[in-house]
Amino acid sequence: MGNSAGKMPDFKERNRTGAAAALGVTYAVCQIPTYKDEDRFDVSFGSFHSGTIHEKMPDRLSSLDRRDTVACFGIYDGHGGSEVARLCSQSLVASIIRRSAKRKRLARRTIDEQASSQEEEEEAIPDECIGAAYHEADSISKTLYKHAGATAINLFVSNNEDGSRSVKCAWAGDSRASLHTHAFSLSSRRTKNFRKSSYISFDHDPTREDERERIKEHNKIYNDAYIRKRTSPQGDIGPDAIFRIPKGSEQNNPYNISIMMSRSIGDYYHSSAVISAPETTTFTVQKDESVRIVLASDGLWRTMKKRCVGSVMKRGSKDTIMQTAKRLAFESFRRTQRNQYLRQDDITVIVVDVHGANVDI
């Protein structure tokens, strides 16, 4: 049976909140760890000038620093242990910023050498830099922590010349991000009634047709990726998973393991069809607009959809951003308690408000 719906967790949640006015960002984090305590998160600010990251945003920035600074948010949902999630929280964003800064320096040097008077605008965080950093983390994890893995989702917010903000989301696995927008511009009116909700990331698992086809094609070559349901004495259970060995070969086989997601970092012993290559999406928040982004591990998303998240936030329309993050995390915790088929999982929620330059924070 499920736990009592009224009982709250005995453990203490981990909270963090802050703002970066120069980037038009306010944020809050609420993490509810369970007995596993395998989720990790990070919030930092990267500098393309130095290629380093800092935990806090400087109080004052020059016009150059404003263009060369990015707000970074990440959630890493560990499984098989917290080692890979911890590794990602400590080094993944630093690797992305370092690679992006190096690329920018090379681009600017090329422009100077060509005596060009017009600089082509480049993405603040190139996809190639994100992919290389994910691959590096995956390689290190497979060497050091063979039994563990983690999903990852990252969000980057940077300034554009016209006062708008560039937002990029990168992910591998089933942690997810949703976007919540107002029905009108905030330059003339402020509200917390987010009326439009959409996903900006999409889970990597065998239920996605493109991922399913990729896994099947992979298996034709490597013969180590079989999609089927897990079994119990009562029969098949749960959604499709990815196995390394075919059905009928499970008994006494040390590789009789499966994984629900089709992309992750680490997971050495799982099928080689489970890759670390991230997907990305980019959009712009105009200078007179404001949006809210909710990043969360699957501890939240298995109990709530994007519209439900919007409804929960609407109920707390007078909440601070920290209260909103807590409201979402604890609402998910309660829903898990009321569902007899769900086991309690770590829940990590990061709420990020992004405002254009014409919107007061």
# chains A, B, ... in the order shown; residues from 1 in each chain; ligands from 1

call {"tool": "residues_around", "arguments": {"residues": "range 307-314 of chain A", "least_positions_apart": "3", "cutoff": "10 Å", "atoms": "only C-alpha atoms", "output": "PyMOL selection string"}}
result
chain A and resi 178-181+192-199+292+294+300-301+303-304+317-319+321+323-325+327-328+331-332

call {"tool": "atom_distance", "arguments": {"atom1": "CA of Ile227 in chain A", "atom2": "CA of Pro239 in chain A"}}
result
10.0 Å

call {"tool": "residues_around", "arguments": {"residues": "range 84-89 of chain A", "least_positions_apart": "5", "cutoff": "12 Å", "atoms": "only C-alpha atoms", "output": "ChimeraX atom specification"}}
result
/A:37-44,72-79,94-96,133-154,264-268,297

call {"tool": "write_last_selection", "arguments": {"atoms": "C-alpha atoms", "output": "PDB file, in the first residue's frame"}}
result
ATOM      1  CA  ASP A  37      19.727  10.839  -2.256  1.00  0.00           C
ATOM      2  CA  GLU A  38      21.071  10.480  -5.807  1.00  0.00           C
ATOM      3  CA  ASP A  39      19.932  13.795  -7.343  1.00  0.00           C
ATOM      4  CA  ARG A  40      22.398  16.661  -7.631  1.00  0.00           C
ATOM      5  CA  PHE A  41      22.046  20.202  -9.004  1.00  0.00           C
ATOM      6  CA  ASP A  42      24.209  23.205  -9.725  1.00  0.00           C
ATOM      7  CA  VAL A  43      23.676  26.929 -10.220  1.00  0.00           C
ATOM      8  CA  SER A  44      26.593  28.989 -11.461  1.00  0.00           C
ATOM      9  CA  CYS A  72      23.868  28.180 -15.826  1.00  0.00           C
ATOM     10  CA  PHE A  73      21.431  25.779 -14.192  1.00  0.00           C
ATOM     11  CA  GLY A  74      21.658  21.988 -14.098  1.00  0.00           C
ATOM     12  CA  ILE A  75      19.927  18.926 -12.647  1.00  0.00           C
ATOM     13  CA  TYR A  76      21.537  15.490 -12.606  1.00  0.00           C
ATOM     14  CA  ASP A  77      19.355  12.539 -11.641  1.00  0.00           C
ATOM     15  CA  GLY A  78      21.601   9.693 -10.536  1.00  0.00           C
ATOM     16  CA  HIS A  79      20.872   5.974 -10.569  1.00  0.00           C
ATOM     17  CA  ALA A  94      32.736  24.115 -16.158  1.00  0.00           C
ATOM     18  CA  SER A  95      33.740  21.998 -19.169  1.00  0.00           C
ATOM     19  CA  ILE A  96      31.007  23.563 -21.348  1.00  0.00           C
ATOM     20  CA  ALA A 133      31.460  18.107 -22.500  1.00  0.00           C
ATOM     21  CA  TYR A 134      28.704  15.487 -22.168  1.00  0.00           C
ATOM     22  CA  HIS A 135      30.916  12.970 -23.975  1.00  0.00           C
ATOM     23  CA  GLU A 136      33.842  13.761 -21.674  1.00  0.00           C
ATOM     24  CA  ALA A 137      31.693  13.288 -18.560  1.00  0.00           C
ATOM     25  CA  ASP A 138      30.395  10.015 -19.984  1.00  0.00           C
ATOM     26  CA  SER A 139      33.906   8.689 -20.646  1.00  0.00           C
ATOM     27  CA  ILE A 140      35.128   9.613 -17.159  1.00  0.00           C
ATOM     28  CA  SER A 141      32.028   8.070 -15.563  1.00  0.00           C
ATOM     29  CA  LYS A 142      32.406   4.813 -17.483  1.00  0.00           C
ATOM     30  CA  THR A 143      36.000   4.584 -16.240  1.00  0.00           C
ATOM     31  CA  LEU A 144      35.553   5.579 -12.600  1.00  0.00           C
ATOM     32  CA  TYR A 145      31.953   4.634 -11.722  1.00  0.00           C
ATOM     33  CA  LYS A 146      30.972   1.620 -13.803  1.00  0.00           C
ATOM     34  CA  HIS A 147      27.834   0.786 -11.809  1.00  0.00           C
ATOM     35  CA  ALA A 148      26.351   4.295 -11.803  1.00  0.00           C
ATOM     36  CA  GLY A 149      24.816   6.719 -14.257  1.00  0.00           C
ATOM     37  CA  ALA A 150      22.835   9.954 -14.412  1.00  0.00           C
ATOM     38  CA  THR A 151      20.493  11.887 -16.635  1.00  0.00           C
ATOM     39  CA  ALA A 152      21.319  15.549 -17.187  1.00  0.00           C
ATOM     40  CA  ILE A 153      19.479  18.710 -18.102  1.00  0.00           C
ATOM     41  CA  ASN A 154      21.106  22.134 -18.381  1.00  0.00           C
ATOM     42  CA  SER A 264      22.329   9.070 -20.070  1.00  0.00           C
ATOM     43  CA  ILE A 265      25.823   9.752 -18.771  1.00  0.00           C
ATOM     44  CA  GLY A 266      27.739   6.730 -17.483  1.00  0.00           C
ATOM     45  CA  ASP A 267      25.933   3.353 -17.244  1.00  0.00           C
ATOM     46  CA  TYR A 268      28.934   1.314 -18.382  1.00  0.00           C
ATOM     47  CA  SER A 297      14.079  15.534 -12.291  1.00  0.00           C
TER      48      SER A 297
END

call {"tool": "select_by_dssp", "arguments": {"residues": "range 118-254 of chain A", "states": "strand (DSSP E)", "output": "count of residues only"}}
result
45

call {"tool": "residues_around", "arguments": {"residues": "Thr284 in chain A", "least_positions_apart": "4", "cutoff": "8 Å", "atoms": "only C-alpha atoms", "output": "list in words"}}
result
Ser164, Arg165, Ser166 and Val167 of chain A

call {"tool": "write_last_selection", "arguments": {"atoms": "N, CA and C atoms", "output": "mmCIF file, in the first residue's frame"}}
result
data_model
loop_
_atom_site.group_PDB
_atom_site.id
_atom_site.type_symbol
_atom_site.label_atom_id
_atom_site.label_comp_id
_atom_site.auth_asym_id
_atom_site.auth_seq_id
_atom_site.Cartn_x
_atom_site.Cartn_y
_atom_site.Cartn_z
ATOM 1 N N SER A 164 17.260 41.546 -25.504
ATOM 2 C CA SER A 164 16.589 40.260 -25.343
ATOM 3 C C SER A 164 17.549 39.268 -24.675
ATOM 4 N N ARG A 165 17.014 38.113 -24.277
ATOM 5 C CA ARG A 165 17.834 37.072 -23.648
ATOM 6 C C ARG A 165 17.792 35.813 -24.517
ATOM 7 N N SER A 166 18.931 35.196 -24.653
ATOM 8 C CA SER A 166 19.018 33.924 -25.362
ATOM 9 C C SER A 166 18.983 32.797 -24.338
ATOM 10 N N VAL A 167 18.114 31.822 -24.566
ATOM 11 C CA VAL A 167 17.953 30.701 -23.637
ATOM 12 C C VAL A 167 18.222 29.409 -24.395
#

call {"tool": "residues_around", "arguments": {"residues": "Cys169 in chain A", "least_positions_apart": "6", "cutoff": "7 Å", "atoms": "only C-alpha atoms", "output": "list in words"}}
result
Asn154, Leu155, Phe156, Thr280, Thr281 and Thr282 of chain A

call {"tool": "select_by_dssp", "arguments": {"residues": "range 28-231 of chain A", "states": "helix (DSSP H, G or I)", "output": "PyMOL selection string"}}
result
chain A and resi 63-67+83-113+127-144+209-222

call {"tool": "atom_distance", "arguments": {"atom1": "CA of Gly24 in chain A", "atom2": "CA of Ser175 in chain A"}}
result
24.5 Å

call {"tool": "closest_residue", "arguments": {"among": "A:Glu217, A:Asp298, A:Asp345, A:Asp236", "to": "Ala177 in chain A", "atoms": "only C-alpha atoms"}}
result
A:Asp298

call {"tool": "residues_around", "arguments": {"residues": "Phe202 in chain A", "least_positions_apart": "4", "cutoff": "9 Å", "atoms": "only C-alpha atoms", "output": "JSON, numbers by chain"}}
result
{"A": [171, 173, 174, 175, 176, 177, 208, 279]}

call {"tool": "write_last_selection", "arguments": {"atoms": "N, CA, C and O atoms", "output": "mmCIF file, in the first residue's frame"}}
result
data_model
loop_
_atom_site.group_PDB
_atom_site.id
_atom_site.type_symbol
_atom_site.label_atom_id
_atom_site.label_comp_id
_atom_site.auth_asym_id
_atom_site.auth_seq_id
_atom_site.Cartn_x
_atom_site.Cartn_y
_atom_site.Cartn_z
ATOM 1 N N TRP A 171 19.863 18.434 -22.890
ATOM 2 C CA TRP A 171 19.485 17.343 -22.002
ATOM 3 C C TRP A 171 19.816 15.986 -22.603
ATOM 4 O O TRP A 171 19.909 15.826 -23.815
ATOM 5 N N GLY A 173 18.333 12.131 -21.363
ATOM 6 C CA GLY A 173 17.594 11.352 -20.378
ATOM 7 C C GLY A 173 16.187 11.871 -20.158
ATOM 8 O O GLY A 173 15.599 12.496 -21.044
ATOM 9 N N ASP A 174 15.656 11.632 -18.958
ATOM 10 C CA ASP A 174 14.251 11.932 -18.703
ATOM 11 C C ASP A 174 14.011 13.019 -17.664
ATOM 12 O O ASP A 174 12.892 13.168 -17.170
ATOM 13 N N SER A 175 15.039 13.782 -17.295
ATOM 14 C CA SER A 175 14.763 15.032 -16.597
ATOM 15 C C SER A 175 14.215 15.991 -17.647
ATOM 16 O O SER A 175 14.550 15.883 -18.822
ATOM 17 N N ARG A 176 13.405 16.941 -17.229
ATOM 18 C CA ARG A 176 12.611 17.677 -18.218
ATOM 19 C C ARG A 176 12.510 19.158 -17.849
ATOM 20 O O ARG A 176 12.692 19.549 -16.697
ATOM 21 N N ALA A 177 12.194 19.973 -18.868
ATOM 22 C CA ALA A 177 11.981 21.408 -18.662
ATOM 23 C C ALA A 177 10.687 21.830 -19.334
ATOM 24 O O ALA A 177 10.373 21.375 -20.434
ATOM 25 N N ARG A 208 9.656 7.043 -27.505
ATOM 26 C CA ARG A 208 9.840 7.998 -28.590
ATOM 27 C C ARG A 208 10.164 7.255 -29.869
ATOM 28 O O ARG A 208 11.108 6.452 -29.909
ATOM 29 N N GLU A 279 20.445 16.437 -26.692
ATOM 30 C CA GLU A 279 19.658 17.263 -27.612
ATOM 31 C C GLU A 279 19.653 18.682 -27.062
ATOM 32 O O GLU A 279 19.821 18.900 -25.852
#

call {"tool": "atom_distance", "arguments": {"atom1": "CA of Gln31 in chain A", "atom2": "CA of Asp353 in chain A"}}
result
17.9 Å

call {"tool": "closest_residue", "arguments": {"among": "A:His218, A:Arg230, A:His270, A:Arg343", "to": "Thr34 in chain A", "atoms": "only C-alpha atoms"}}
result
A:Arg343

call {"tool": "residues_around", "arguments": {"residues": "Arg103 in chain A", "least_positions_apart": "2", "cutoff": "12 Å", "atoms": "only C-alpha atoms", "output": "list in words"}}
result
Phe48, His49, Gly51, Ile96, Ile97, Arg98, Arg99, Ser100, Ala101, Arg105, Leu106, Ala107, Arg108, Arg109, Thr110, Glu122, Glu123, Ala124, Ile125, Pro126, Asp127, Glu128, Cys129 and Ile130 of chain A

call {"tool": "write_last_selection", "arguments": {"atoms": "C-alpha atoms", "output": "PDB file, in the first residue's frame"}}
result
ATOM      1  CA  PHE A  48      33.518  33.619 -21.594  1.00  0.00           C
ATOM      2  CA  HIS A  49      36.271  36.151 -20.916  1.00  0.00           C
ATOM      3  CA  GLY A  51      36.528  30.575 -19.294  1.00  0.00           C
ATOM      4  CA  ILE A  96      31.007  23.563 -21.348  1.00  0.00           C
ATOM      5  CA  ILE A  97      32.016  27.122 -20.419  1.00  0.00           C
ATOM      6  CA  ARG A  98      35.727  26.404 -20.885  1.00  0.00           C
ATOM      7  CA  ARG A  99      35.123  24.974 -24.369  1.00  0.00           C
ATOM      8  CA  SER A 100      32.756  27.801 -25.333  1.00  0.00           C
ATOM      9  CA  ALA A 101      35.227  30.456 -24.162  1.00  0.00           C
ATOM     10  CA  ARG A 105      38.603  33.447 -28.437  1.00  0.00           C
ATOM     11  CA  LEU A 106      39.548  31.593 -31.613  1.00  0.00           C
ATOM     12  CA  ALA A 107      36.646  33.179 -33.507  1.00  0.00           C
ATOM     13  CA  ARG A 108      37.616  36.690 -32.393  1.00  0.00           C
ATOM     14  CA  ARG A 109      41.275  36.078 -33.260  1.00  0.00           C
ATOM     15  CA  THR A 110      40.267  34.963 -36.743  1.00  0.00           C
ATOM     16  CA  GLU A 122      27.620  33.268 -32.727  1.00  0.00           C
ATOM     17  CA  GLU A 123      25.650  31.294 -30.210  1.00  0.00           C
ATOM     18  CA  ALA A 124      26.797  31.907 -26.650  1.00  0.00           C
ATOM     19  CA  ILE A 125      26.958  28.148 -25.989  1.00  0.00           C
ATOM     20  CA  PRO A 126      27.603  26.195 -29.215  1.00  0.00           C
ATOM     21  CA  ASP A 127      26.030  22.731 -29.482  1.00  0.00           C
ATOM     22  CA  GLU A 128      29.438  21.221 -30.249  1.00  0.00           C
ATOM     23  CA  CYS A 129      30.815  22.419 -26.904  1.00  0.00           C
ATOM     24  CA  ILE A 130      27.883  20.945 -25.004  1.00  0.00           C
TER      25      ILE A 130
END

call {"tool": "closest_residue", "arguments": {"among": "A:Met260, A:Ala132, A:Ile275, A:Val93", "to": "Ala172 in chain A", "atoms": "only C-alpha atoms"}}
result
A:Ile275

call {"tool": "closest_residue", "arguments": {"among": "A:Arg263, A:Lys56, A:His204, A:Lys12", "to": "Tyr35 in chain A", "atoms": "only C-alpha atoms"}}
result
A:Lys12

call {"tool": "closest_residue", "arguments": {"among": "A:Asp240, A:Glu83, A:Glu55, A:Asp360", "to": "Glu289 in chain A", "atoms": "only C-alpha atoms"}}
result
A:Asp360

call {"tool": "closest_residue", "arguments": {"among": "A:Gly299, A:Pro278, A:Gly238, A:Gly18", "to": "Thr348 in chain A", "atoms": "only C-alpha atoms"}}
result
A:Gly299

call {"tool": "decode", "arguments": {"residues": "range 124-186 of chain A", "atoms": "C-alpha atoms", "output": "PDB file, in the first residue's frame"}}
result
ATOM      1  CA  ALA A 124      26.797  31.907 -26.650  1.00  0.00           C
ATOM      2  CA  ILE A 125      26.958  28.148 -25.989  1.00  0.00           C
ATOM      3  CA  PRO A 126      27.603  26.195 -29.215  1.00  0.00           C
ATOM      4  CA  ASP A 127      26.030  22.731 -29.482  1.00  0.00           C
ATOM      5  CA  GLU A 128      29.438  21.221 -30.249  1.00  0.00           C
ATOM      6  CA  CYS A 129      30.815  22.419 -26.904  1.00  0.00           C
ATOM      7  CA  ILE A 130      27.883  20.945 -25.004  1.00  0.00           C
ATOM      8  CA  GLY A 131      28.152  17.632 -26.838  1.00  0.00           C
ATOM      9  CA  ALA A 132      31.898  17.398 -26.217  1.00  0.00           C
ATOM     10  CA  ALA A 133      31.460  18.107 -22.500  1.00  0.00           C
ATOM     11  CA  TYR A 134      28.704  15.487 -22.168  1.00  0.00           C
ATOM     12  CA  HIS A 135      30.916  12.970 -23.975  1.00  0.00           C
ATOM     13  CA  GLU A 136      33.842  13.761 -21.674  1.00  0.00           C
ATOM     14  CA  ALA A 137      31.693  13.288 -18.560  1.00  0.00           C
ATOM     15  CA  ASP A 138      30.395  10.015 -19.984  1.00  0.00           C
ATOM     16  CA  SER A 139      33.906   8.689 -20.646  1.00  0.00           C
ATOM     17  CA  ILE A 140      35.128   9.613 -17.159  1.00  0.00           C
ATOM     18  CA  SER A 141      32.028   8.070 -15.563  1.00  0.00           C
ATOM     19  CA  LYS A 142      32.406   4.813 -17.483  1.00  0.00           C
ATOM     20  CA  THR A 143      36.000   4.584 -16.240  1.00  0.00           C
ATOM     21  CA  LEU A 144      35.553   5.579 -12.600  1.00  0.00           C
ATOM     22  CA  TYR A 145      31.953   4.634 -11.722  1.00  0.00           C
ATOM     23  CA  LYS A 146      30.972   1.620 -13.803  1.00  0.00           C
ATOM     24  CA  HIS A 147      27.834   0.786 -11.809  1.00  0.00           C
ATOM     25  CA  ALA A 148      26.351   4.295 -11.803  1.00  0.00           C
ATOM     26  CA  GLY A 149      24.816   6.719 -14.257  1.00  0.00           C
ATOM     27  CA  ALA A 150      22.835   9.954 -14.412  1.00  0.00           C
ATOM     28  CA  THR A 151      20.493  11.887 -16.635  1.00  0.00           C
ATOM     29  CA  ALA A 152      21.319  15.549 -17.187  1.00  0.00           C
ATOM     30  CA  ILE A 153      19.479  18.710 -18.102  1.00  0.00           C
ATOM     31  CA  ASN A 154      21.106  22.134 -18.381  1.00  0.00           C
ATOM     32  CA  LEU A 155      19.765  25.627 -18.984  1.00  0.00           C
ATOM     33  CA  PHE A 156      21.842  28.620 -20.100  1.00  0.00           C
ATOM     34  CA  VAL A 157      20.686  32.269 -20.177  1.00  0.00           C
ATOM     35  CA  SER A 158      22.748  35.010 -21.824  1.00  0.00           C
ATOM     36  CA  ASN A 159      22.311  38.562 -23.070  1.00  0.00           C
ATOM     37  CA  ASN A 160      21.742  39.733 -26.643  1.00  0.00           C
ATOM     38  CA  GLU A 161      22.731  43.146 -27.956  1.00  0.00           C
ATOM     39  CA  ASP A 162      19.113  44.323 -28.333  1.00  0.00           C
ATOM     40  CA  GLY A 163      18.125  43.651 -24.697  1.00  0.00           C
ATOM     41  CA  SER A 164      16.589  40.260 -25.343  1.00  0.00           C
ATOM     42  CA  ARG A 165      17.834  37.072 -23.648  1.00  0.00           C
ATOM     43  CA  SER A 166      19.018  33.924 -25.362  1.00  0.00           C
ATOM     44  CA  VAL A 167      17.953  30.701 -23.637  1.00  0.00           C
ATOM     45  CA  LYS A 168      19.398  27.289 -24.476  1.00  0.00           C
ATOM     46  CA  CYS A 169      18.350  23.955 -22.981  1.00  0.00           C
ATOM     47  CA  ALA A 170      20.416  20.756 -23.327  1.00  0.00           C
ATOM     48  CA  TRP A 171      19.485  17.343 -22.002  1.00  0.00           C
ATOM     49  CA  ALA A 172      20.136  13.606 -22.077  1.00  0.00           C
ATOM     50  CA  GLY A 173      17.594  11.352 -20.378  1.00  0.00           C
ATOM     51  CA  ASP A 174      14.251  11.932 -18.703  1.00  0.00           C
ATOM     52  CA  SER A 175      14.763  15.032 -16.597  1.00  0.00           C
ATOM     53  CA  ARG A 176      12.611  17.677 -18.218  1.00  0.00           C
ATOM     54  CA  ALA A 177      11.981  21.408 -18.662  1.00  0.00           C
ATOM     55  CA  SER A 178       8.727  23.266 -19.250  1.00  0.00           C
ATOM     56  CA  LEU A 179       8.127  26.825 -20.401  1.00  0.00           C
ATOM     57  CA  HIS A 180       5.324  28.977 -18.974  1.00  0.00           C
ATOM     58  CA  THR A 181       4.489  32.270 -20.644  1.00  0.00           C
ATOM     59  CA  HIS A 182       2.089  35.129 -20.098  1.00  0.00           C
ATOM     60  CA  ALA A 183      -0.775  35.938 -22.417  1.00  0.00           C
ATOM     61  CA  PHE A 184       0.483  39.496 -22.844  1.00  0.00           C
ATOM     62  CA  SER A 185       3.629  41.622 -22.665  1.00  0.00           C
ATOM     63  CA  LEU A 186       4.981  42.505 -19.237  1.00  0.00           C
TER      64      LEU A 186
END
